[in-house]
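J.: Below is the file upload-v3.tsv, with TSV, C-alpha atoms.
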chain	number	residue	atom	x	y	z
Q	199	SER	CA	-8.57	-5.39	-11.98
Q	200	PRO	CA	-6.18	-3.15	-10.14
Q	201	MET	CA	-7.25	-1.27	-7.01
Q	202	VAL	CA	-4.43	0.54	-5.26
Q	203	THR	CA	-1.78	1.29	-7.86
Q	204	GLY	CA	1.71	2.69	-8.21
Q	205	THR	CA	2.77	4.82	-11.16
Q	206	SER	CA	6.05	4.96	-13.12
Q	207	VAL	CA	9.34	3.33	-12.18
Q	208	LEU	CA	12.52	4.56	-13.85
Q	209	GLY	CA	15.76	2.69	-14.43
Q	210	LEU	CA	19.13	3.76	-15.81
Q	211	LYS	CA	22.51	2.08	-16.18
Q	212	PHE	CA	25.60	4.09	-15.27
Q	213	SER	CA	29.35	3.46	-15.34
Q	214	GLY	CA	29.46	1.53	-12.07
Q	215	GLY	CA	26.03	-0.11	-11.93
Q	216	VAL	CA	22.31	0.63	-12.21
Q	217	ILE	CA	19.83	2.99	-10.53
Q	218	LEU	CA	16.08	2.60	-10.03
Q	219	ALA	CA	13.75	5.38	-8.93
Q	220	ALA	CA	10.06	5.45	-8.04
Q	221	ASP	CA	7.71	7.72	-6.12
Q	222	THR	CA	6.11	6.59	-2.88
Q	223	VAL	CA	2.40	6.94	-3.50
Q	224	GLY	CA	-0.35	4.31	-3.72
Q	225	SER	CA	-3.25	5.72	-5.70
Q	226	TYR	CA	-6.83	4.56	-5.31
Q	227	GLY	CA	-8.11	5.66	-8.69
Q	228	SER	CA	-7.47	9.36	-8.77
Q	229	LEU	CA	-7.07	9.65	-4.99
Q	230	ALA	CA	-3.52	9.77	-3.65
Q	231	ARG	CA	-4.50	7.50	-0.82
Q	232	PHE	CA	-1.31	6.06	0.66
Q	233	ARG	CA	1.59	8.44	0.59
Q	234	GLY	CA	4.34	6.44	2.27
Q	235	VAL	CA	4.48	3.29	0.17
Q	236	SER	CA	7.79	1.79	-0.91
Q	237	ARG	CA	7.70	0.40	-4.43
Q	238	LEU	CA	11.36	-0.57	-4.57
Q	239	LEU	CA	12.37	-3.93	-3.18
Q	240	LYS	CA	15.86	-5.19	-2.41
Q	241	VAL	CA	15.86	-8.83	-3.43
Q	242	ASN	CA	19.44	-9.72	-2.54
Q	243	ASP	CA	22.82	-7.99	-2.45
Q	244	SER	CA	23.03	-7.84	-6.21
Q	245	THR	CA	19.46	-7.04	-7.26
Q	246	VAL	CA	16.62	-4.58	-6.77
Q	247	LEU	CA	13.13	-4.66	-8.16
Q	248	GLY	CA	10.73	-1.78	-8.73
Q	249	ALA	CA	7.04	-2.31	-9.38
Q	250	SER	CA	4.21	-0.26	-10.79
Q	251	GLY	CA	0.61	-1.39	-11.04
Q	252	ASP	CA	-1.47	-3.08	-8.38
Q	253	LEU	CA	0.23	-2.88	-4.99
Q	254	ALA	CA	-1.58	-5.87	-3.49
Q	255	ASP	CA	-0.15	-8.01	-6.32
Q	256	PHE	CA	3.25	-6.43	-5.66
Q	257	GLN	CA	3.02	-7.47	-2.01
Q	258	HIS	CA	2.18	-10.99	-3.17
Q	259	LEU	CA	5.23	-10.94	-5.47
Q	260	ARG	CA	7.35	-9.67	-2.63
Q	261	GLN	CA	6.32	-12.63	-0.47
Q	262	LEU	CA	7.12	-15.08	-3.29
Q	263	LEU	CA	10.52	-13.48	-3.84
Q	264	GLU	CA	11.41	-13.32	-0.16
Q	265	GLN	CA	10.54	-17.00	0.21
Q	266	MET	CA	12.67	-17.85	-2.83
Q	267	VAL	CA	15.64	-15.95	-1.43
Q	268	ILE	CA	15.28	-17.71	1.93
Q	269	ASP	CA	15.08	-21.13	0.27
Q	270	GLU	CA	18.16	-20.31	-1.69
Q	271	GLU	CA	20.13	-19.23	1.36
Q	272	LEU	CA	19.17	-22.48	3.03
Q	273	LEU	CA	20.97	-24.35	0.27
Q	274	GLY	CA	24.10	-22.78	1.67
Q	275	ASP	CA	26.13	-23.13	-1.47
Q	276	GLY	CA	27.20	-19.50	-1.60
Q	277	HIS	CA	25.24	-18.78	-4.76
Q	278	SER	CA	22.53	-16.14	-5.00
Q	279	TYR	CA	20.10	-15.47	-7.79
Q	280	SER	CA	21.51	-13.26	-10.50
Q	281	PRO	CA	19.40	-10.34	-11.74
Q	282	ARG	CA	19.11	-12.05	-15.09
Q	283	ALA	CA	17.87	-15.26	-13.48
Q	284	LEU	CA	15.29	-13.36	-11.46
Q	285	HIS	CA	14.16	-11.53	-14.57
Q	286	SER	CA	13.71	-14.80	-16.38
Q	287	TRP	CA	11.84	-16.36	-13.45
Q	288	LEU	CA	9.55	-13.37	-13.10
Q	289	THR	CA	8.78	-13.41	-16.80
Q	290	ARG	CA	7.63	-17.02	-16.50
Q	291	VAL	CA	5.49	-16.29	-13.45
Q	292	LEU	CA	3.78	-13.29	-15.03
Q	293	TYR	CA	3.28	-14.99	-18.39
Q	294	ASN	CA	1.75	-18.08	-16.82
Q	295	ARG	CA	-0.65	-15.98	-14.75
Q	296	ARG	CA	-1.76	-14.07	-17.83
Q	297	SER	CA	-2.23	-17.37	-19.67
Q	298	LYS	CA	-4.72	-18.36	-16.97
Q	299	ILE	CA	-6.52	-15.06	-17.52
Q	300	ASN	CA	-5.65	-14.05	-13.96
Q	301	PRO	CA	-2.70	-11.68	-14.30
Q	302	LEU	CA	-0.60	-10.09	-11.61
Q	303	TRP	CA	-1.35	-6.53	-12.60
Q	304	ASN	CA	2.21	-5.21	-12.41
Q	305	THR	CA	4.95	-3.84	-14.61
Q	306	VAL	CA	8.31	-4.54	-13.05
Q	307	LEU	CA	11.86	-3.30	-13.55
Q	308	ILE	CA	14.73	-5.48	-12.34
Q	309	ALA	CA	18.14	-3.92	-11.84
Q	310	GLY	CA	21.36	-5.46	-10.64
Q	311	VAL	CA	25.07	-6.01	-10.90
Q	312	TYR	CA	26.38	-9.57	-11.20
Q	313	GLY	CA	29.77	-10.83	-12.25
Q	314	GLY	CA	30.92	-7.31	-12.97
Q	315	GLU	CA	28.11	-6.68	-15.46
Q	316	SER	CA	25.14	-4.42	-14.87
Q	317	PHE	CA	21.65	-5.58	-15.81
Q	318	LEU	CA	18.41	-3.69	-16.34
Q	319	GLY	CA	15.29	-5.57	-17.44
Q	320	TYR	CA	11.56	-5.01	-17.85
Q	321	VAL	CA	8.64	-7.44	-17.43
Q	322	ASP	CA	4.99	-6.56	-17.63
Q	323	MET	CA	1.74	-8.26	-16.73
Q	324	LEU	CA	1.50	-9.91	-20.14
Q	325	GLY	CA	4.90	-11.50	-19.78
Q	326	VAL	CA	6.53	-9.15	-22.29
Q	327	ALA	CA	10.19	-8.90	-21.30
Q	328	TYR	CA	13.22	-7.03	-22.56
Q	329	GLU	CA	16.48	-5.38	-21.47
Q	330	ALA	CA	17.85	-1.96	-22.28
Q	331	PRO	CA	20.29	0.61	-20.86
Q	332	SER	CA	17.35	2.81	-19.86
Q	333	LEU	CA	13.81	1.80	-18.97
Q	334	ALA	CA	10.60	3.28	-17.65
Q	335	THR	CA	7.12	2.00	-16.86
Q	336	GLY	CA	3.75	3.68	-17.07
Q	337	PHE	CA	3.78	7.36	-17.88
Q	338	GLY	CA	7.53	7.26	-17.66
Q	339	ALA	CA	7.66	5.29	-20.89
Q	340	TYR	CA	6.23	8.31	-22.72
Q	341	LEU	CA	7.84	11.17	-20.84
Q	342	ALA	CA	11.02	9.93	-19.22
Q	343	GLN	CA	12.33	7.31	-21.65
Q	344	PRO	CA	12.99	9.87	-24.45
Q	345	LEU	CA	14.94	12.02	-22.00
Q	346	LEU	CA	16.93	9.05	-20.76
Q	347	ARG	CA	17.68	7.83	-24.27
Q	348	ALA	CA	18.75	11.27	-25.48
Q	349	ALA	CA	21.20	11.51	-22.61
Q	350	LEU	CA	22.60	8.07	-23.34
Q	351	GLU	CA	23.08	8.89	-27.01
Q	352	ARG	CA	24.91	12.08	-26.10
Q	353	ASP	CA	27.10	10.78	-23.31
Q	354	ARG	CA	27.34	7.04	-23.93
Q	355	ILE	CA	27.42	5.92	-20.29
Q	356	PRO	CA	26.83	8.49	-17.51
Q	357	THR	CA	28.61	8.62	-14.18
Q	358	ARG	CA	26.71	7.90	-10.99
Q	359	GLU	CA	26.09	11.57	-10.23
Q	360	GLU	CA	24.98	12.33	-13.77
Q	361	ALA	CA	22.62	9.37	-13.76
Q	362	ARG	CA	21.20	10.38	-10.38
Q	363	GLU	CA	20.60	13.93	-11.58
Q	364	LEU	CA	19.04	12.76	-14.80
Q	365	LEU	CA	16.61	10.48	-12.96
Q	366	GLU	CA	15.65	13.29	-10.62
Q	367	ARG	CA	14.99	15.55	-13.59
Q	368	CYS	CA	12.78	12.87	-15.15
Q	369	LEU	CA	10.90	12.36	-11.88
Q	370	ARG	CA	10.28	16.10	-11.75
Q	371	VAL	CA	8.86	16.08	-15.28
Q	372	LEU	CA	6.66	13.18	-14.28
Q	373	TYR	CA	5.51	15.04	-11.21
Q	374	TYR	CA	4.49	17.97	-13.39
Q	375	ARG	CA	2.76	15.91	-16.04
Q	376	ASP	CA	1.54	12.66	-14.46
Q	377	ALA	CA	-1.66	13.28	-12.53
Q	378	ARG	CA	-1.11	10.16	-10.45
Q	379	SER	CA	2.38	11.02	-9.26
Q	380	PHE	CA	3.73	12.49	-6.06
Q	381	ASN	CA	6.75	14.54	-5.09
Q	382	ARG	CA	8.17	12.08	-2.58
Q	383	TYR	CA	10.37	9.36	-4.02
Q	384	GLU	CA	12.95	6.68	-3.34
Q	385	VAL	CA	16.11	5.68	-5.18
Q	386	ALA	CA	17.97	2.39	-5.23
Q	387	VAL	CA	21.58	2.27	-6.45
Q	388	VAL	CA	23.17	-1.11	-7.22
Q	389	THR	CA	26.91	-1.42	-7.66
Q	390	GLU	CA	29.53	-4.14	-7.25
Q	391	LYS	CA	29.53	-3.27	-3.57
Q	392	GLY	CA	25.84	-3.92	-3.10
Q	393	VAL	CA	22.50	-2.19	-2.84
Q	394	GLU	CA	21.89	1.27	-1.38
Q	395	LEU	CA	18.31	2.37	-0.83
Q	396	GLU	CA	17.90	6.13	-0.47
Q	397	GLY	CA	14.75	7.88	0.55
Q	398	PRO	CA	12.12	9.02	1.00
Q	399	LEU	CA	13.33	12.22	-0.62
Q	400	THR	CA	11.26	15.19	-1.74
Q	401	LEU	CA	11.27	16.83	-5.16
Q	402	GLU	CA	11.36	20.58	-5.48
Q	403	ALA	CA	9.11	21.86	-8.23
Q	404	ASN	CA	9.68	25.03	-10.22
Q	405	TRP	CA	6.56	27.10	-10.86
Q	406	GLU	CA	8.29	30.24	-12.14
Q	407	ILE	CA	6.58	29.94	-15.50
Q	408	ALA	CA	3.28	30.55	-13.77
Q	409	HIS	CA	4.24	34.20	-13.46
Q	410	LEU	CA	4.76	34.48	-17.18
Q	411	VAL	CA	1.18	33.55	-17.95
C	541	GLU	CA	-35.72	-2.29	-6.63
C	542	TRP	CA	-34.27	-2.25	-3.14
C	543	THR	CA	-34.51	-6.02	-2.74
C	544	ALA	CA	-32.01	-6.39	-5.56
C	545	GLU	CA	-29.46	-4.05	-3.99
C	546	PRO	CA	-26.79	-5.71	-1.82
C	547	VAL	CA	-26.73	-4.63	1.78
C	548	SER	CA	-23.78	-2.36	2.20
C	549	THR	CA	-22.16	-0.65	5.12
C	550	GLY	CA	-21.98	2.69	3.26
C	551	THR	CA	-19.84	4.07	6.03
C	552	THR	CA	-17.16	6.13	7.45
C	553	ILE	CA	-14.65	4.25	9.56
C	554	MET	CA	-11.51	5.48	11.26
C	555	ALA	CA	-8.73	4.34	13.55
C	556	VAL	CA	-5.92	6.31	15.19
C	557	GLU	CA	-2.91	5.06	17.11
C	558	PHE	CA	-1.64	6.69	20.29
C	559	ASP	CA	0.99	5.77	22.82
C	560	GLY	CA	-0.64	2.97	24.76
C	561	GLY	CA	-3.46	1.95	22.43
C	562	VAL	CA	-5.82	2.87	19.63
C	563	VAL	CA	-9.04	4.80	19.21
C	564	ILE	CA	-11.46	3.46	16.62
C	565	GLY	CA	-14.73	4.88	15.40
C	566	ALA	CA	-17.52	4.30	12.90
C	567	ASP	CA	-20.94	5.60	11.91
C	568	SER	CA	-23.98	3.38	12.30
C	569	ARG	CA	-25.84	3.41	8.98
C	570	THR	CA	-26.40	0.31	6.81
C	571	THR	CA	-28.07	0.92	3.45
C	572	THR	CA	-29.78	-1.16	0.78
C	573	GLY	CA	-29.60	1.28	-2.10
C	574	SER	CA	-30.95	4.44	-0.55
C	575	TYR	CA	-33.08	2.83	2.17
C	576	VAL	CA	-31.49	2.76	5.61
C	577	ALA	CA	-31.79	-0.87	6.61
C	578	ASN	CA	-30.19	-0.43	10.04
C	579	ARG	CA	-29.65	2.96	11.65
C	580	VAL	CA	-27.90	1.68	14.74
C	581	THR	CA	-25.38	-0.75	13.22
C	582	ASP	CA	-22.24	-1.71	15.09
C	583	LYS	CA	-19.41	-1.70	12.58
C	584	LEU	CA	-16.71	-2.09	15.20
C	585	THR	CA	-16.37	-5.84	15.41
C	586	PRO	CA	-14.13	-7.59	17.92
C	587	VAL	CA	-12.01	-10.40	16.51
C	588	HIS	CA	-10.24	-10.89	19.81
C	589	ASP	CA	-10.15	-9.34	23.28
C	590	ARG	CA	-7.96	-6.41	22.31
C	591	ILE	CA	-8.24	-6.53	18.52
C	592	PHE	CA	-11.10	-4.96	16.58
C	593	CYS	CA	-11.89	-4.46	12.95
C	594	CYS	CA	-13.81	-1.60	11.35
C	595	ARG	CA	-15.89	-2.84	8.44
C	596	SER	CA	-16.79	-1.03	5.20
C	597	GLY	CA	-18.13	-2.33	1.90
C	598	SER	CA	-20.56	-5.22	1.68
C	599	ALA	CA	-22.10	-6.05	5.05
C	600	ALA	CA	-22.30	-9.75	4.21
C	601	ASP	CA	-18.73	-10.01	2.94
C	602	THR	CA	-17.19	-8.20	5.87
C	603	GLN	CA	-19.20	-10.12	8.47
C	604	ALA	CA	-18.22	-13.41	6.86
C	605	VAL	CA	-14.53	-12.56	6.71
C	606	ALA	CA	-14.54	-11.15	10.23
C	607	ASP	CA	-16.18	-14.29	11.61
C	608	ALA	CA	-13.61	-16.47	9.86
C	609	VAL	CA	-10.72	-14.38	11.17
C	610	ALA	CA	-12.14	-14.38	14.70
C	611	TYR	CA	-12.25	-18.17	14.63
C	612	GLN	CA	-8.70	-18.44	13.25
C	613	LEU	CA	-7.41	-16.02	15.86
C	614	ALA	CA	-9.10	-17.82	18.72
C	615	PHE	CA	-7.49	-21.08	17.61
C	616	HIS	CA	-4.11	-19.43	17.08
C	617	SER	CA	-4.27	-17.81	20.49
C	618	VAL	CA	-4.85	-21.18	22.18
C	619	GLU	CA	-1.87	-22.64	20.33
C	620	LEU	CA	0.31	-19.70	21.27
C	621	GLU	CA	-0.90	-19.55	24.88
C	622	GLU	CA	-0.76	-15.78	24.69
C	623	PRO	CA	-2.82	-12.98	23.14
C	624	PRO	CA	-2.34	-12.80	19.36
C	625	ARG	CA	-0.57	-9.87	17.74
C	626	VAL	CA	-2.55	-7.21	15.91
C	627	ARG	CA	-0.29	-7.78	12.94
C	628	THR	CA	-1.35	-11.44	12.84
C	629	ALA	CA	-5.02	-10.46	12.76
C	630	ALA	CA	-4.34	-7.97	10.00
C	631	ARG	CA	-2.41	-10.56	8.01
C	632	LEU	CA	-5.29	-13.04	8.35
C	633	PHE	CA	-7.70	-10.43	7.01
C	634	GLN	CA	-5.33	-9.66	4.18
C	635	GLN	CA	-5.02	-13.30	3.18
C	636	SER	CA	-8.78	-13.68	2.76
C	637	CYS	CA	-9.24	-10.29	1.13
C	638	TYR	CA	-6.42	-10.83	-1.37
C	639	ARG	CA	-7.30	-14.42	-2.28
C	640	TYR	CA	-10.92	-13.59	-2.95
C	641	ARG	CA	-10.36	-10.05	-4.15
C	642	GLU	CA	-12.51	-10.49	-7.28
C	643	GLU	CA	-15.48	-11.79	-5.31
C	644	LEU	CA	-15.31	-9.58	-2.22
C	645	SER	CA	-16.19	-5.98	-1.65
C	646	ALA	CA	-14.50	-5.28	1.65
C	647	GLY	CA	-12.46	-2.40	2.99
C	648	ILE	CA	-11.27	-3.19	6.51
C	649	ILE	CA	-9.27	-1.41	9.17
C	650	VAL	CA	-7.73	-3.68	11.80
C	651	ALA	CA	-6.73	-1.98	15.04
C	652	GLY	CA	-5.88	-3.08	18.54
C	653	TRP	CA	-3.34	-3.45	21.29
C	654	ASP	CA	-0.85	-6.24	21.92
C	655	PRO	CA	1.90	-6.56	24.50
C	656	ARG	CA	4.69	-6.61	21.89
C	657	ARG	CA	4.06	-3.48	19.89
C	658	GLY	CA	1.37	-1.58	21.76
C	659	GLY	CA	-1.33	0.17	19.78
C	660	GLN	CA	-1.31	-0.50	16.04
C	661	VAL	CA	-3.52	0.36	13.06
C	662	TYR	CA	-3.47	-1.66	9.84
C	663	MET	CA	-5.35	-0.89	6.66
C	664	VAL	CA	-6.64	-3.66	4.34
C	665	PRO	CA	-8.35	-1.80	1.48
C	666	MET	CA	-10.12	-3.42	-1.46
C	667	GLY	CA	-7.65	-5.45	-3.47
C	668	GLY	CA	-6.03	-6.99	-0.42
C	669	LEU	CA	-3.09	-4.70	0.25
C	670	LEU	CA	-1.74	-4.61	3.82
C	671	LEU	CA	-0.31	-1.39	5.21
C	672	ARG	CA	0.45	-0.22	8.70
C	673	GLN	CA	-0.39	3.46	9.31
C	674	PRO	CA	-0.49	5.90	12.26
C	675	PHE	CA	-4.10	6.53	11.37
C	676	ALA	CA	-6.48	5.17	8.77
C	677	VAL	CA	-9.86	6.05	7.32
C	678	GLY	CA	-12.15	4.08	5.06
C	679	GLY	CA	-15.61	3.80	3.58
C	680	SER	CA	-17.52	6.07	1.26
C	681	GLY	CA	-17.57	8.93	3.76
C	682	SER	CA	-13.80	8.99	4.06
C	683	SER	CA	-13.46	10.85	0.75
C	684	TYR	CA	-15.02	13.96	2.27
C	685	ILE	CA	-12.60	14.26	5.14
C	686	TYR	CA	-9.15	13.69	3.59
C	687	GLY	CA	-8.60	17.44	3.56
C	688	PHE	CA	-9.62	17.80	7.19
C	689	LEU	CA	-7.38	14.91	8.19
C	690	ASP	CA	-4.34	16.21	6.32
C	691	ALA	CA	-4.76	19.60	7.94
C	692	THR	CA	-5.47	18.45	11.48
C	693	PHE	CA	-3.58	15.23	12.15
C	694	GLN	CA	-0.48	15.43	14.30
C	695	SER	CA	1.55	12.49	15.51
C	696	GLY	CA	1.94	12.06	19.26
C	697	MET	CA	-1.61	12.94	20.21
C	698	SER	CA	-2.87	11.84	23.59
C	699	ARG	CA	-5.74	9.44	24.16
C	700	SER	CA	-8.37	12.13	24.61
C	701	GLN	CA	-7.03	14.15	21.69
C	702	CYS	CA	-7.37	11.09	19.50
C	703	GLN	CA	-10.93	10.52	20.67
C	704	GLU	CA	-11.83	14.09	19.85
C	705	PHE	CA	-10.05	13.89	16.49
C	706	VAL	CA	-11.96	10.75	15.49
C	707	ALA	CA	-15.31	12.10	16.66
C	708	ARG	CA	-14.91	15.37	14.78
C	709	ALA	CA	-13.75	13.67	11.59
C	710	LEU	CA	-16.59	11.15	11.62
C	711	ALA	CA	-19.18	13.81	12.34
C	712	LEU	CA	-18.02	15.87	9.36
C	713	ALA	CA	-18.11	12.84	7.06
C	714	MET	CA	-21.53	11.73	8.24
C	715	VAL	CA	-23.03	15.11	7.46
C	716	ARG	CA	-21.81	15.08	3.86
C	717	ASP	CA	-22.05	11.41	2.96
C	718	GLY	CA	-25.55	10.05	2.36
C	719	SER	CA	-24.37	6.53	3.04
C	720	SER	CA	-23.08	7.43	6.50
C	721	GLY	CA	-25.06	8.63	9.47
C	722	GLY	CA	-26.79	7.68	12.69
C	723	VAL	CA	-24.64	7.66	15.80
C	724	ILE	CA	-20.88	7.65	16.26
C	725	ARG	CA	-19.59	4.52	17.93
C	726	LEU	CA	-16.18	4.94	19.51
C	727	ALA	CA	-13.95	2.37	21.14
C	728	THR	CA	-10.63	2.87	22.89
C	729	ILE	CA	-8.44	-0.22	23.17
C	730	THR	CA	-5.56	-0.32	25.62
C	731	GLU	CA	-3.78	-2.77	27.86
C	732	GLU	CA	-6.52	-2.29	30.44
C	733	GLY	CA	-9.28	-3.29	28.05
C	734	VAL	CA	-11.86	-1.86	25.70
C	735	GLU	CA	-13.91	1.22	26.50
C	736	ARG	CA	-16.92	1.77	24.24
C	737	THR	CA	-18.95	4.93	23.91
C	738	VAL	CA	-21.76	6.13	21.71
C	739	LEU	CA	-22.16	9.73	20.58
C	740	ALA	CA	-25.65	10.50	19.45
C	741	GLY	CA	-27.68	13.44	18.27
C	742	SER	CA	-26.73	16.41	20.36
C	743	ASP	CA	-23.45	14.83	21.50
C	744	LEU	CA	-22.12	14.95	17.96
C	745	PRO	CA	-19.40	17.59	17.46
Show how you would write the structure in this file as C-alpha cells.
T.:
Amino acid sequence: SPMVTGTSVLGLKFSGGVILAADTVGSYGSLARFRGVSRLLKVNDSTVLGASGDLADFQHLRQLLEQMVIDEELLGDGHSYSPRALHSWLTRVLYNRRSKINPLWNTVLIAGVYGGESFLGYVDMLGVAYEAPSLATGFGAYLAQPLLRAALERDRIPTREEARELLERCLRVLYYRDARSFNRYEVAVVTEKGVELEGPLTLEANWEIAHLV
Amino acid sequence: EWTAEPVSTGTTIMAVEFDGGVVIGADSRTTTGSYVANRVTDKLTPVHDRIFCCRSGSAADTQAVADAVAYQLAFHSVELEEPPRVRTAARLFQQSCYRYREELSAGIIVAGWDPRRGGQVYMVPMGGLLLRQPFAVGGSGSSYIYGFLDATFQSGMSRSQCQEFVARALALAMVRDGSSGGVIRLATITEEGVERTVLAGSDLP
C-alpha cells in the first residue's frame, strides 16, 4: 500500500523530441508533506522517466535503473539503453512484481529520443504498457489527456514552445482541480541533443472568476 | 483492552539543521491506547557518537531497527577507521524500513554531524522513503504544527534560534496532541559533541 505518493505526470511529443512534466510534491494522504521532491529522473542522455505513485518504490526503481546504467557503461561498447528498451524492461519488472502480489506502486512515463525517433511510453503497476503521442498518469489522465489530444488533432505535431505552453496549461488545470497537486513543478525536455531538466518552476494561478461569484 | 494495544510512541519529533550541527527534539510520552505507559521516555536515540535518530510509530519496531542500525554503524565505523557519515546512517535506516515496510510502523528522523557535510537532517517516513531536508517533523503531533512551521521557519538560523524554534514547535504540538506530552528533550549535536537538555513543566514555552 502506498504511503508517500506523487500525483500526475504529463508527457507530450513535439517536432524535435518529447517533454515530460510533473509537480514536486510528495503527499502523505491528503497532507502535502514534502514539497521539494523531484519525480523526474534522467536515466541516460536519451531518456527520462517520470513517476507517480509511491515515492519509496520510485526511489527503489531509481536505484535499480542507476545500477543498470552503470553496468552498461562498464561494458564500454558505446551503446546505451534506448527508451524503448527501458520501457520494455520496466514493463517486465512491474508485471513480475504484480504477479507475486507485491507490486511497485507506481505509474511511470518514459520519454526519449533514439535514432532520430521520439518515444513516449506508459507502464503502470499492473504491467499495462502502451505508447502514444500524448500521455498522462493519475488525475492527468482525466483532465489533461483530453486537452493534449485535442491539441494534437488540431495541430498534428506542436513545436517545442507550443508543447511547453500546452503542458503548463494542463498543469495549471490540474493544480485547480487535483486536490493532491502543487504549484511547483519540473519539466524535462529530450531532444537529439540530450536531456534538459528545468525547474523547480512555479505556476501562476488565475482566480479572477472568484470575483464573478 | 489496553493489553491488546501495541505500545506506540505517539509523539512529536523534530530536527533542524544549522551551520555547524543539528538541533533535535522530542516529547516524552509513550502510550498503550490511551494509557500513558511511560511519561519520561527518551525518544532521541544515539546510533553513533554524533548521529541520533528520533523515533515515532511503534516503540518496539523503532527500538529494534535503531539497535540494528547502531550495530551496523559501529561495525562500519571500525572498517572505515573514521566516524560514519550521517547519510550512511540514514541509508541504513531506509534499507530496513523499506524492505520491511509492510510489517513495520516506523517514522524516523536521522540527524547528526559528520566531518564531511556538517549538520544534516534526513527523514525516513513510513514506506521507506529517504529525503534530506533543512528541517523535519514527524509523529502524530506533527500534524498540528505544520502551519506554525511554514510561517516561522527561516533558513540560516543560529544554534540558539534553532533550539528555541524546536522547543516552541514541540510545546505547541504537545498541548494539542493527546499522544504527545510530558517533557521536551532537546539535543544539540556539533563537532564538539552532544549537549542534552530537558525542558519540563514551567520551562515549557
J.: Given all atoms listed in the file, how would the per-residue table for chain C near chain Q read, listing every residue at most 7 Å away with its closest atom pair and distance in Å to one decimal, sorted by chain and number, as CSV?
T.:
residue,atom,partner,partner_atom,distance
C:Met666,CA,Q:Met201,CA,6.6
C:Gly667,CA,Q:Met201,CA,5.5
C:Gly668,CA,Q:Ala254,CA,5.5
C:Leu669,CA,Q:Ala254,CA,4.2
J.: Near Arg716 (chain C), within 10 Å and counting all atoms listed in the file, which residues show up once chain neighbours fewer than 6 positions away are dropped, as a PyMOL selection string?
T.: chain C and resi 681+683-685
J.: What's around region 300-309 of chain Q at 6 Å? Count only C-alpha atoms, leave out sequence neighbours fewer than 4 positions away in its own chain, and write the answer as a list in words.
T.: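 My reading of the contact set: Thr245, Val246, Leu247, Gly248, Ala249, Ser250, Gly251, Asp252, Asp255, Arg295, Arg296, Phe317, Leu318, Gly319, Tyr320, Val321, Asp322 and Met323 of chain Q.
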J.: Do a neighbour search on region 721-727 of chain C at 10 Å with all atoms listed in the file, toss out local chain neighbours closer than 5 positions, and write the hits as a ChimeraX atom specification.
T.: /C:550-555,562-570,576,578-584,592,681,703,706-708,710-711,713-716,734-741,743-744
J.: Between Q:Ala327, Q:Leu210, Q:Val223, Q:Ala348, which residue has the minimum interatomic distance to Ser379 (chain Q), considering only C-alpha atoms?
T.: Q:Val223
J.: Quick check, in Å to one decimal: how far apart do CA of Lys391 (chain Q) and CA of Pro331 (chain Q) lie?
T.: 20.0 Å
J.: Would you compute the distance between CA of Thr389 (chain Q) and CA of Glu366 (chain Q)? Give it in Å to one decimal.
T.: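 Those two atoms sit 18.8 Å apart.
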J.: Name the closest residue to Ser719 (chain C) among the candidates C:Leu620, C:Cys593, C:Val587, C:Ala577; distances are taken between atoms, counting all atoms listed in the file.
T.: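 Comparing C:Leu620, C:Cys593, C:Val587, C:Ala577 against Ser719 (chain C), the winner is C:Ala577.
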J.: So the first atom is CA of Leu401 (chain Q) and the second is CA of Leu369 (chain Q); what is the distance between them in Å, to one decimal place?
T.: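 One can read the CA of Leu401 (chain Q) to CA of Leu369 (chain Q) distance as 8.1 Å.
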J.: So that I can check the surroundings of Gly652 (chain C), please list as a list in words every protein, DNA and RNA residue that reaches within 7 Å of it, counting all atoms listed in the file and ignoring chain neighbours fewer than 3 positions away.
T.: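 These residues fall inside the cut-off: Gly561, Val562, Arg590, Ile591, Phe592, Val626, Gly659, Gln660, Val661 and Ile729 of chain C.
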J.: Store the residues of this selection in a file with C-alpha atoms, as a PDB file, keeping the file's coordinate frame.
T.:
ATOM      1  CA  GLY C 561      -3.460   1.950  22.430  1.00  0.00           C
ATOM      2  CA  VAL C 562      -5.820   2.870  19.630  1.00  0.00           C
ATOM      3  CA  ARG C 590      -7.960  -6.410  22.310  1.00  0.00           C
ATOM      4  CA  ILE C 591      -8.240  -6.530  18.520  1.00  0.00           C
ATOM      5  CA  PHE C 592     -11.100  -4.960  16.580  1.00  0.00           C
ATOM      6  CA  VAL C 626      -2.550  -7.210  15.910  1.00  0.00           C
ATOM      7  CA  GLY C 659      -1.330   0.170  19.780  1.00  0.00           C
ATOM      8  CA  GLN C 660      -1.310  -0.500  16.040  1.00  0.00           C
ATOM      9  CA  VAL C 661      -3.520   0.360  13.060  1.00  0.00           C
ATOM     10  CA  ILE C 729      -8.440  -0.220  23.170  1.00  0.00           C
TER      11      ILE C 729
END
J.: Within 10 Å of Pro344 (chain Q), counting all atoms listed in the file, which residues show up once you throw out same-chain ones fewer than 3 positions away? Write them as a list in words, please.
T.: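 With the cut-off at 10 Å, the set is Ser332, Leu333, Ala334, Gly338, Ala339, Tyr340, Leu341, Arg347, Ala348, Ala349, Leu350 and Cys368 of chain Q.
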